[in-house]
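Novice: Can you keep this structure in mind? I'll have questions shortly.
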Amino acid sequence: MINKTAKAHYTFNQNDILVEAKTGARRKLIDYRKNPPQPYNIEKVPGNVWEFSRVRFKMDEYENHPTQKPESLLERIIKASSNIGDIILDPFSGSFTTSAAAVRLGRIGIGIDLNEEYFEIGLRRTGIASTYNGKLLIKEKKRKTNAKSKYVRGE
């Protein structure tokens, strides 16, 4: 967390990241510890462990990057810790998921990466450009390995 001055406050938008509470709300139970008793909350702020599916080859969001993070993870982090119009910095952008999510959520995304292939992915994903150095920036899915799945091998 970086603030310009000691008086600056951090941002935490808890209402923007609420998730389903897996308590008695599903079964419409009443919480008798409260006075007066009332139904359990349907939503809650996520706890310490967040579960997201990893990005796989067949997913639309897949890019040719070995450690791509799920868009839903970055969206939750950005919603929780920033407001519309804020600047989101990702100094090691890789597949530029953070910048793409920031732009989609109305923030200003700044992404940095030395690898030109990843830089081109970033230009396309953030909508900055559709061409770079005369090259059309289109999404090309390439497998990271030549190994075939057990379904293709016939096992």
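Labeling convention for the structure tokens: chains A, B, ... as they appear, residues from 1 per chain, ligands from 1 in order of appearance.
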What lies within 12 Å of Glu140 (chain A) using only C-alpha atoms, ignoring chain neighbours under 2 positions off, as a PyMOL selection string?
Specialist: chain A and resi 57+60-65+117+120-121+124+136-138+142-143
Novice: DSSP on the backbone, then: every residue of chain A marked helix (DSSP H, G or I), written as a ChimeraX atom specification.
Specialist: /A:14-16,71-81,97-104,116-126,150-153
Novice: Find the spatial neighbours of Arg125 (chain A), counting only C-alpha atoms, within a cut-off of 12 Å - ignore same-chain residues fewer than 6 positions away - and output them as a PDB file with N, CA and C atoms, in the first residue's frame.
Specialist:
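Dumped everything to out.pdb:
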```
ATOM      1  N   GLU A  61     -10.139 -16.533 -21.373  1.00  0.00           N
ATOM      2  CA  GLU A  61      -9.174 -15.557 -20.854  1.00  0.00           C
ATOM      3  C   GLU A  61      -7.730 -16.029 -20.970  1.00  0.00           C
ATOM      4  N   TYR A  62      -7.498 -17.255 -21.405  1.00  0.00           N
ATOM      5  CA  TYR A  62      -6.145 -17.817 -21.497  1.00  0.00           C
ATOM      6  C   TYR A  62      -5.266 -16.999 -22.428  1.00  0.00           C
ATOM      7  N   GLU A  63      -4.060 -16.721 -21.989  1.00  0.00           N
ATOM      8  CA  GLU A  63      -3.028 -16.074 -22.800  1.00  0.00           C
ATOM      9  C   GLU A  63      -1.784 -16.951 -22.749  1.00  0.00           C
ATOM     10  N   GLU A  71      -8.749 -13.650 -13.989  1.00  0.00           N
ATOM     11  CA  GLU A  71      -9.279 -12.290 -14.026  1.00  0.00           C
ATOM     12  C   GLU A  71     -10.165 -12.016 -12.817  1.00  0.00           C
ATOM     13  N   SER A  93       3.980  -7.131 -15.117  1.00  0.00           N
ATOM     14  CA  SER A  93       2.646  -7.410 -15.634  1.00  0.00           C
ATOM     15  C   SER A  93       2.449  -8.783 -16.247  1.00  0.00           C
ATOM     16  N   GLY A  94       3.445  -9.314 -16.934  1.00  0.00           N
ATOM     17  CA  GLY A  94       3.279 -10.638 -17.542  1.00  0.00           C
ATOM     18  C   GLY A  94       2.172 -10.639 -18.570  1.00  0.00           C
ATOM     19  N   SER A  95       1.055 -11.284 -18.254  1.00  0.00           N
ATOM     20  CA  SER A  95      -0.058 -11.375 -19.204  1.00  0.00           C
ATOM     21  C   SER A  95      -0.990 -10.169 -19.129  1.00  0.00           C
ATOM     22  N   PHE A  96      -0.663  -9.184 -18.318  1.00  0.00           N
ATOM     23  CA  PHE A  96      -1.402  -7.925 -18.187  1.00  0.00           C
ATOM     24  C   PHE A  96      -2.846  -8.119 -17.722  1.00  0.00           C
ATOM     25  N   THR A  97      -3.082  -9.153 -16.930  1.00  0.00           N
ATOM     26  CA  THR A  97      -4.418  -9.385 -16.391  1.00  0.00           C
ATOM     27  C   THR A  97      -4.828  -8.249 -15.464  1.00  0.00           C
ATOM     28  N   THR A  98      -3.905  -7.759 -14.646  1.00  0.00           N
ATOM     29  CA  THR A  98      -4.211  -6.674 -13.718  1.00  0.00           C
ATOM     30  C   THR A  98      -4.620  -5.417 -14.472  1.00  0.00           C
ATOM     31  N   SER A  99      -3.867  -5.043 -15.478  1.00  0.00           N
ATOM     32  CA  SER A  99      -4.175  -3.837 -16.251  1.00  0.00           C
ATOM     33  C   SER A  99      -5.486  -3.980 -17.007  1.00  0.00           C
ATOM     34  N   ALA A 100      -5.732  -5.150 -17.589  1.00  0.00           N
ATOM     35  CA  ALA A 100      -6.970  -5.378 -18.331  1.00  0.00           C
ATOM     36  C   ALA A 100      -8.177  -5.283 -17.395  1.00  0.00           C
ATOM     37  N   ALA A 101      -8.066  -5.876 -16.212  1.00  0.00           N
ATOM     38  CA  ALA A 101      -9.160  -5.813 -15.232  1.00  0.00           C
ATOM     39  C   ALA A 101      -9.354  -4.381 -14.747  1.00  0.00           C
ATOM     40  N   ALA A 102      -8.263  -3.662 -14.522  1.00  0.00           N
ATOM     41  CA  ALA A 102      -8.354  -2.277 -14.053  1.00  0.00           C
ATOM     42  C   ALA A 102      -9.087  -1.402 -15.063  1.00  0.00           C
ATOM     43  N   VAL A 103      -8.741  -1.522 -16.322  1.00  0.00           N
ATOM     44  CA  VAL A 103      -9.389  -0.727 -17.371  1.00  0.00           C
ATOM     45  C   VAL A 103     -10.870  -1.085 -17.452  1.00  0.00           C
ATOM     46  N   ARG A 104     -11.184  -2.371 -17.385  1.00  0.00           N
ATOM     47  CA  ARG A 104     -12.584  -2.815 -17.461  1.00  0.00           C
ATOM     48  C   ARG A 104     -13.405  -2.286 -16.290  1.00  0.00           C
ATOM     49  N   GLY A 109      -4.889   1.659 -15.585  1.00  0.00           N
ATOM     50  CA  GLY A 109      -3.932   0.574 -15.394  1.00  0.00           C
ATOM     51  C   GLY A 109      -2.573   0.921 -15.962  1.00  0.00           C
ATOM     52  N   GLY A 111       0.970  -0.965 -16.558  1.00  0.00           N
ATOM     53  CA  GLY A 111       1.643  -2.255 -16.534  1.00  0.00           C
ATOM     54  C   GLY A 111       3.026  -2.138 -17.136  1.00  0.00           C
ATOM     55  N   TYR A 118       4.921 -10.316 -24.212  1.00  0.00           N
ATOM     56  CA  TYR A 118       3.948 -10.005 -23.168  1.00  0.00           C
ATOM     57  C   TYR A 118       3.464  -8.555 -23.288  1.00  0.00           C
ATOM     58  N   PHE A 119       4.365  -7.661 -23.697  1.00  0.00           N
ATOM     59  CA  PHE A 119       3.998  -6.266 -23.920  1.00  0.00           C
ATOM     60  C   PHE A 119       2.917  -6.163 -24.997  1.00  0.00           C
ATOM     61  N   THR A 131      -2.586  -2.831 -33.403  1.00  0.00           N
ATOM     62  CA  THR A 131      -1.380  -3.149 -34.165  1.00  0.00           C
ATOM     63  C   THR A 131      -0.167  -2.596 -33.422  1.00  0.00           C
ATOM     64  N   LEU A 137      -2.196  -7.303 -33.781  1.00  0.00           N
ATOM     65  CA  LEU A 137      -2.195  -7.965 -32.478  1.00  0.00           C
ATOM     66  C   LEU A 137      -3.474  -8.795 -32.334  1.00  0.00           C
ATOM     67  N   ILE A 138      -3.338 -10.084 -32.580  1.00  0.00           N
ATOM     68  CA  ILE A 138      -4.467 -10.989 -32.424  1.00  0.00           C
ATOM     69  C   ILE A 138      -4.112 -12.046 -31.385  1.00  0.00           C
ATOM     70  N   LYS A 139      -5.119 -12.603 -30.784  1.00  0.00           N
ATOM     71  CA  LYS A 139      -4.907 -13.607 -29.750  1.00  0.00           C
ATOM     72  C   LYS A 139      -4.566 -14.936 -30.409  1.00  0.00           C
TER      73      LYS A 139
END
```
Novice: If we count only C-alpha atoms and set the cut-off at 7 Å, which residues sit around region 28-30 of chain A, ignoring sequence neighbours fewer than 4 positions away in its own chain? Please answer as a PyMOL selection string.
Specialist: chain A and resi 24+37-40
Novice: Sorted by chain and rising residue number, list the residues of region 49-152 of chain A at most 12 Å from region 6-21 of chain A (counting only C-alpha atoms), each with its closest atom pair and distance in Å to one decimal, as a tab-separated table.
Specialist:
```
residue	atom	partner	partner_atom	distance
A:Trp50	CA	A:Val19	CA	10.3
A:Glu51	CA	A:Val19	CA	11.4
A:Ser72	CA	A:Ile17	CA	10.8
A:Leu73	CA	A:Ile17	CA	10.7
A:Leu74	CA	A:Ile17	CA	11.5
A:Glu75	CA	A:Ile17	CA	9.2
A:Arg76	CA	A:Ile17	CA	6.1
A:Ile77	CA	A:Ile17	CA	8.4
A:Ile78	CA	A:Asn13	CA	9.5
A:Lys79	CA	A:Asp16	CA	6.2
A:Ala80	CA	A:Asn13	CA	4.6
A:Ser81	CA	A:Phe12	CA	5.0
A:Ser82	CA	A:Thr11	CA	5.9
A:Asn83	CA	A:Thr11	CA	7.8
A:Ile84	CA	A:Asn13	CA	11.3
A:Asp86	CA	A:Thr11	CA	10.6
A:Leu105	CA	A:Asp16	CA	11.7
```
Novice: Write the residues of the selection above to a file with all heavy atoms, as a compact mmCIF listing (two decimals), in the first residue's frame.
Specialist:
```
# COMPACT_ATOMS: atom_id res chain seq x y z
N TRP A 50 -9.13 -17.43 -0.47
CA TRP A 50 -9.99 -17.20 -1.63
C TRP A 50 -9.74 -18.33 -2.62
O TRP A 50 -8.59 -18.62 -2.95
CB TRP A 50 -9.68 -15.88 -2.31
CG TRP A 50 -9.95 -14.66 -1.48
CD1 TRP A 50 -10.50 -14.61 -0.23
CD2 TRP A 50 -9.70 -13.31 -1.86
NE1 TRP A 50 -10.60 -13.32 0.17
CE2 TRP A 50 -10.12 -12.49 -0.81
CE3 TRP A 50 -9.18 -12.72 -2.99
CZ2 TRP A 50 -10.02 -11.11 -0.84
CZ3 TRP A 50 -9.07 -11.35 -3.04
CH2 TRP A 50 -9.50 -10.55 -1.98
N GLU A 51 -10.79 -18.93 -3.14
CA GLU A 51 -10.63 -20.04 -4.07
C GLU A 51 -11.08 -19.61 -5.46
O GLU A 51 -12.21 -19.16 -5.64
CB GLU A 51 -11.43 -21.25 -3.60
CG GLU A 51 -10.89 -21.83 -2.32
CD GLU A 51 -11.61 -23.09 -1.90
OE1 GLU A 51 -12.25 -23.74 -2.76
OE2 GLU A 51 -11.55 -23.42 -0.71
N SER A 72 -10.93 -13.01 -12.39
CA SER A 72 -11.84 -12.81 -11.25
C SER A 72 -11.08 -12.50 -9.97
O SER A 72 -11.55 -11.73 -9.13
CB SER A 72 -12.75 -14.03 -11.07
OG SER A 72 -11.98 -15.21 -11.00
N LEU A 73 -9.89 -13.07 -9.80
CA LEU A 73 -9.06 -12.78 -8.63
C LEU A 73 -8.62 -11.32 -8.64
O LEU A 73 -8.78 -10.60 -7.65
CB LEU A 73 -7.84 -13.69 -8.59
CG LEU A 73 -6.75 -13.33 -7.58
CD1 LEU A 73 -7.26 -13.47 -6.16
CD2 LEU A 73 -5.53 -14.19 -7.80
N LEU A 74 -8.08 -10.86 -9.78
CA LEU A 74 -7.61 -9.48 -9.87
C LEU A 74 -8.75 -8.50 -9.78
O LEU A 74 -8.62 -7.43 -9.19
CB LEU A 74 -6.82 -9.26 -11.16
CG LEU A 74 -5.35 -9.69 -11.14
CD1 LEU A 74 -4.57 -8.96 -10.08
CD2 LEU A 74 -5.12 -11.15 -11.05
N GLU A 75 -9.91 -8.85 -10.33
CA GLU A 75 -11.08 -7.96 -10.23
C GLU A 75 -11.48 -7.77 -8.78
O GLU A 75 -11.78 -6.65 -8.36
CB GLU A 75 -12.25 -8.52 -11.04
CG GLU A 75 -12.08 -8.33 -12.52
CD GLU A 75 -13.21 -8.95 -13.32
OE1 GLU A 75 -14.17 -9.49 -12.72
OE2 GLU A 75 -13.14 -8.89 -14.57
N ARG A 76 -11.47 -8.83 -8.00
CA ARG A 76 -11.85 -8.71 -6.59
C ARG A 76 -10.85 -7.84 -5.83
O ARG A 76 -11.23 -6.98 -5.05
CB ARG A 76 -11.94 -10.08 -5.92
CG ARG A 76 -12.45 -9.97 -4.50
CD ARG A 76 -12.48 -11.27 -3.74
NE ARG A 76 -13.48 -12.18 -4.25
CZ ARG A 76 -13.64 -13.41 -3.77
NH1 ARG A 76 -12.86 -13.86 -2.80
NH2 ARG A 76 -14.57 -14.21 -4.26
N ILE A 77 -9.57 -8.02 -6.09
CA ILE A 77 -8.54 -7.23 -5.41
C ILE A 77 -8.68 -5.75 -5.78
O ILE A 77 -8.61 -4.87 -4.92
CB ILE A 77 -7.13 -7.75 -5.77
CG1 ILE A 77 -6.92 -9.14 -5.15
CG2 ILE A 77 -6.05 -6.78 -5.30
CD1 ILE A 77 -5.68 -9.85 -5.64
N ILE A 78 -8.89 -5.48 -7.08
CA ILE A 78 -9.00 -4.09 -7.54
C ILE A 78 -10.26 -3.44 -6.99
O ILE A 78 -10.23 -2.29 -6.53
CB ILE A 78 -8.96 -4.04 -9.08
CG1 ILE A 78 -7.55 -4.41 -9.57
CG2 ILE A 78 -9.36 -2.67 -9.61
CD1 ILE A 78 -7.46 -4.67 -11.06
N LYS A 79 -11.39 -4.14 -7.01
CA LYS A 79 -12.63 -3.59 -6.46
C LYS A 79 -12.49 -3.28 -4.98
O LYS A 79 -12.98 -2.26 -4.50
CB LYS A 79 -13.78 -4.58 -6.64
CG LYS A 79 -14.34 -4.65 -8.03
CD LYS A 79 -15.45 -5.68 -8.05
CE LYS A 79 -16.01 -5.90 -9.43
NZ LYS A 79 -17.05 -6.96 -9.44
N ALA A 80 -11.81 -4.15 -4.25
CA ALA A 80 -11.69 -3.98 -2.80
C ALA A 80 -10.76 -2.83 -2.43
O ALA A 80 -11.00 -2.14 -1.45
CB ALA A 80 -11.17 -5.27 -2.16
N SER A 81 -9.71 -2.62 -3.22
CA SER A 81 -8.67 -1.70 -2.78
C SER A 81 -8.55 -0.41 -3.57
O SER A 81 -7.58 0.32 -3.40
CB SER A 81 -7.32 -2.43 -2.80
OG SER A 81 -7.05 -2.90 -4.10
N SER A 82 -9.51 -0.14 -4.46
CA SER A 82 -9.43 1.11 -5.23
C SER A 82 -10.82 1.59 -5.59
O SER A 82 -11.80 0.86 -5.48
CB SER A 82 -8.60 0.89 -6.50
OG SER A 82 -9.29 0.05 -7.39
N ASN A 83 -10.87 2.82 -6.07
CA ASN A 83 -12.12 3.42 -6.52
C ASN A 83 -12.01 3.74 -8.00
O ASN A 83 -10.91 3.79 -8.56
CB ASN A 83 -12.41 4.71 -5.74
CG ASN A 83 -12.61 4.44 -4.27
OD1 ASN A 83 -13.36 3.54 -3.88
ND2 ASN A 83 -11.92 5.19 -3.43
N ILE A 84 -13.14 3.98 -8.64
CA ILE A 84 -13.15 4.33 -10.06
C ILE A 84 -12.28 5.57 -10.27
O ILE A 84 -12.36 6.53 -9.51
CB ILE A 84 -14.58 4.56 -10.55
CG1 ILE A 84 -15.34 3.24 -10.54
CG2 ILE A 84 -14.60 5.18 -11.95
CD1 ILE A 84 -16.80 3.33 -10.87
N ASP A 86 -8.97 5.58 -9.96
CA ASP A 86 -7.67 5.40 -9.30
C ASP A 86 -6.67 4.76 -10.26
O ASP A 86 -7.03 4.17 -11.27
CB ASP A 86 -7.81 4.50 -8.07
CG ASP A 86 -8.45 5.21 -6.89
OD1 ASP A 86 -8.69 6.43 -6.98
OD2 ASP A 86 -8.71 4.55 -5.86
N LEU A 105 -12.76 -2.09 -15.12
CA LEU A 105 -13.45 -1.61 -13.93
C LEU A 105 -13.40 -0.08 -13.77
O LEU A 105 -13.76 0.45 -12.73
CB LEU A 105 -12.87 -2.28 -12.68
CG LEU A 105 -13.09 -3.79 -12.59
CD1 LEU A 105 -12.29 -4.38 -11.43
CD2 LEU A 105 -14.57 -4.10 -12.45
```
Novice: Just the number, please: distance in Å from CA of Phe92 (chain A) to CA of Ile128 (chain A), one decimal.
Specialist: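 One can read the CA of Phe92 (chain A) to CA of Ile128 (chain A) distance as 18.1 Å.
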Novice: Considering only strand (DSSP E or B) as DSSP defines it on the backbone, what residues of region 2-142 of chain A qualify? List them as an MDAnalysis selection string.
Specialist: chainID A and resid 19:20 30:31 38:39 43:44 87:90 108:111 131:132 135:136
Novice: Can you spit out the residues from that selection as a short mmCIF file (atom, residue, chain, number, x, y, z; two decimals), in the first residue's frame, using all heavy atoms?
Specialist:
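Okay, out29.cif is ready:
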```cif
data_model
loop_
_atom_site.label_atom_id
_atom_site.label_comp_id
_atom_site.auth_asym_id
_atom_site.auth_seq_id
_atom_site.Cartn_x
_atom_site.Cartn_y
_atom_site.Cartn_z
N VAL A 19 -19.32 -12.06 -0.87
CA VAL A 19 -19.53 -13.39 -1.44
C VAL A 19 -20.65 -14.08 -0.67
O VAL A 19 -21.05 -13.64 0.41
CB VAL A 19 -18.25 -14.25 -1.39
CG1 VAL A 19 -17.17 -13.65 -2.27
CG2 VAL A 19 -17.76 -14.43 0.03
N GLU A 20 -21.13 -15.17 -1.21
CA GLU A 20 -22.20 -15.92 -0.55
C GLU A 20 -21.70 -16.50 0.77
O GLU A 20 -20.63 -17.09 0.84
CB GLU A 20 -22.67 -17.05 -1.45
CG GLU A 20 -23.76 -17.89 -0.82
CD GLU A 20 -24.09 -19.13 -1.62
OE1 GLU A 20 -23.43 -19.40 -2.63
OE2 GLU A 20 -25.03 -19.83 -1.22
N ILE A 30 -32.38 -19.11 11.78
CA ILE A 30 -32.43 -17.87 12.56
C ILE A 30 -31.25 -17.85 13.52
O ILE A 30 -30.95 -18.84 14.17
CB ILE A 30 -33.75 -17.78 13.36
CG1 ILE A 30 -34.96 -17.91 12.43
CG2 ILE A 30 -33.81 -16.51 14.18
CD1 ILE A 30 -35.12 -16.79 11.44
N ASP A 31 -30.59 -16.69 13.58
CA ASP A 31 -29.49 -16.50 14.52
C ASP A 31 -30.06 -15.94 15.82
O ASP A 31 -30.41 -14.77 15.91
CB ASP A 31 -28.46 -15.54 13.92
CG ASP A 31 -27.20 -15.41 14.77
OD1 ASP A 31 -27.16 -16.04 15.85
OD2 ASP A 31 -26.28 -14.71 14.34
N GLN A 38 -32.69 -12.83 14.25
CA GLN A 38 -32.92 -12.53 12.84
C GLN A 38 -32.23 -13.56 11.96
O GLN A 38 -31.35 -14.28 12.44
CB GLN A 38 -32.45 -11.11 12.51
CG GLN A 38 -31.03 -10.83 12.91
CD GLN A 38 -30.72 -9.34 12.83
OE1 GLN A 38 -31.45 -8.57 12.24
NE2 GLN A 38 -29.63 -8.94 13.43
N PRO A 39 -32.61 -13.63 10.70
CA PRO A 39 -31.99 -14.62 9.80
C PRO A 39 -30.49 -14.34 9.63
O PRO A 39 -30.04 -13.20 9.75
CB PRO A 39 -32.72 -14.43 8.48
CG PRO A 39 -33.96 -13.71 8.81
CD PRO A 39 -33.69 -12.90 10.05
N GLU A 43 -24.79 -12.73 2.58
CA GLU A 43 -23.48 -12.40 2.03
C GLU A 43 -22.50 -12.04 3.15
O GLU A 43 -22.91 -11.63 4.22
CB GLU A 43 -23.58 -11.21 1.08
CG GLU A 43 -24.41 -11.49 -0.15
CD GLU A 43 -24.52 -10.27 -1.05
OE1 GLU A 43 -24.74 -9.16 -0.53
OE2 GLU A 43 -24.39 -10.44 -2.26
N LYS A 44 -21.20 -12.19 2.84
CA LYS A 44 -20.17 -11.84 3.80
C LYS A 44 -18.91 -11.38 3.06
O LYS A 44 -18.75 -11.63 1.87
CB LYS A 44 -19.83 -13.03 4.69
CG LYS A 44 -19.16 -14.15 3.94
CD LYS A 44 -18.69 -15.24 4.86
CE LYS A 44 -17.89 -16.26 4.05
NZ LYS A 44 -17.13 -17.15 4.85
N ILE A 87 -5.39 4.87 -9.90
CA ILE A 87 -4.31 4.30 -10.71
C ILE A 87 -3.90 2.96 -10.10
O ILE A 87 -3.64 2.86 -8.90
CB ILE A 87 -3.10 5.25 -10.76
CG1 ILE A 87 -3.51 6.55 -11.46
CG2 ILE A 87 -1.93 4.59 -11.48
CD1 ILE A 87 -2.44 7.63 -11.41
N ILE A 88 -3.82 1.93 -10.95
CA ILE A 88 -3.41 0.59 -10.54
C ILE A 88 -2.07 0.31 -11.21
O ILE A 88 -1.98 0.29 -12.44
CB ILE A 88 -4.44 -0.48 -10.95
CG1 ILE A 88 -5.84 -0.11 -10.50
CG2 ILE A 88 -4.02 -1.86 -10.47
CD1 ILE A 88 -6.03 -0.02 -9.01
N LEU A 89 -1.03 0.07 -10.43
CA LEU A 89 0.31 -0.20 -10.96
C LEU A 89 0.66 -1.68 -10.79
O LEU A 89 0.53 -2.23 -9.70
CB LEU A 89 1.36 0.65 -10.22
CG LEU A 89 2.82 0.34 -10.54
CD1 LEU A 89 3.15 0.68 -11.98
CD2 LEU A 89 3.74 1.10 -9.58
N ASP A 90 1.11 -2.29 -11.88
CA ASP A 90 1.61 -3.66 -11.85
C ASP A 90 2.98 -3.66 -12.50
O ASP A 90 3.10 -3.69 -13.72
CB ASP A 90 0.65 -4.59 -12.60
CG ASP A 90 1.04 -6.05 -12.48
OD1 ASP A 90 2.05 -6.36 -11.80
OD2 ASP A 90 0.33 -6.89 -13.07
N ILE A 108 -7.31 3.34 -13.96
CA ILE A 108 -6.21 3.57 -14.90
C ILE A 108 -5.16 2.51 -14.61
O ILE A 108 -4.63 2.44 -13.50
CB ILE A 108 -5.62 4.99 -14.70
CG1 ILE A 108 -6.68 6.04 -14.97
CG2 ILE A 108 -4.41 5.18 -15.61
CD1 ILE A 108 -6.31 7.42 -14.50
N GLY A 109 -4.89 1.66 -15.58
CA GLY A 109 -3.93 0.57 -15.39
C GLY A 109 -2.57 0.92 -15.96
O GLY A 109 -2.46 1.32 -17.12
N ILE A 110 -1.54 0.77 -15.15
CA ILE A 110 -0.16 0.95 -15.60
C ILE A 110 0.54 -0.39 -15.45
O ILE A 110 0.66 -0.91 -14.33
CB ILE A 110 0.58 2.03 -14.80
CG1 ILE A 110 -0.11 3.38 -14.95
CG2 ILE A 110 2.04 2.10 -15.22
CD1 ILE A 110 0.48 4.48 -14.10
N GLY A 111 0.97 -0.96 -16.56
CA GLY A 111 1.64 -2.25 -16.53
C GLY A 111 3.03 -2.14 -17.14
O GLY A 111 3.23 -1.42 -18.11
N THR A 131 -2.59 -2.83 -33.40
CA THR A 131 -1.38 -3.15 -34.17
C THR A 131 -0.17 -2.60 -33.42
O THR A 131 -0.27 -1.62 -32.67
CB THR A 131 -1.42 -2.54 -35.58
OG1 THR A 131 -1.53 -1.12 -35.47
CG2 THR A 131 -2.56 -3.10 -36.40
N TYR A 132 0.99 -3.22 -33.65
CA TYR A 132 2.23 -2.76 -33.03
C TYR A 132 3.37 -3.04 -34.00
O TYR A 132 3.56 -4.19 -34.42
CB TYR A 132 2.46 -3.47 -31.70
CG TYR A 132 3.76 -3.12 -31.02
CD1 TYR A 132 3.97 -1.85 -30.50
CD2 TYR A 132 4.79 -4.03 -30.93
CE1 TYR A 132 5.16 -1.51 -29.89
CE2 TYR A 132 5.98 -3.72 -30.30
CZ TYR A 132 6.17 -2.45 -29.79
OH TYR A 132 7.35 -2.12 -29.18
N LYS A 135 2.49 -4.99 -36.97
CA LYS A 135 2.00 -6.35 -36.72
C LYS A 135 0.60 -6.26 -36.12
O LYS A 135 0.37 -5.51 -35.18
CB LYS A 135 2.96 -7.05 -35.75
CG LYS A 135 2.54 -8.43 -35.34
CD LYS A 135 3.54 -9.00 -34.35
CE LYS A 135 3.05 -10.30 -33.77
NZ LYS A 135 3.95 -10.78 -32.71
N LEU A 136 -0.34 -7.03 -36.67
CA LEU A 136 -1.69 -7.08 -36.15
C LEU A 136 -1.67 -7.89 -34.84
O LEU A 136 -1.16 -9.01 -34.80
CB LEU A 136 -2.62 -7.74 -37.16
CG LEU A 136 -4.10 -7.74 -36.84
CD1 LEU A 136 -4.63 -6.30 -36.73
CD2 LEU A 136 -4.88 -8.50 -37.89
#
```
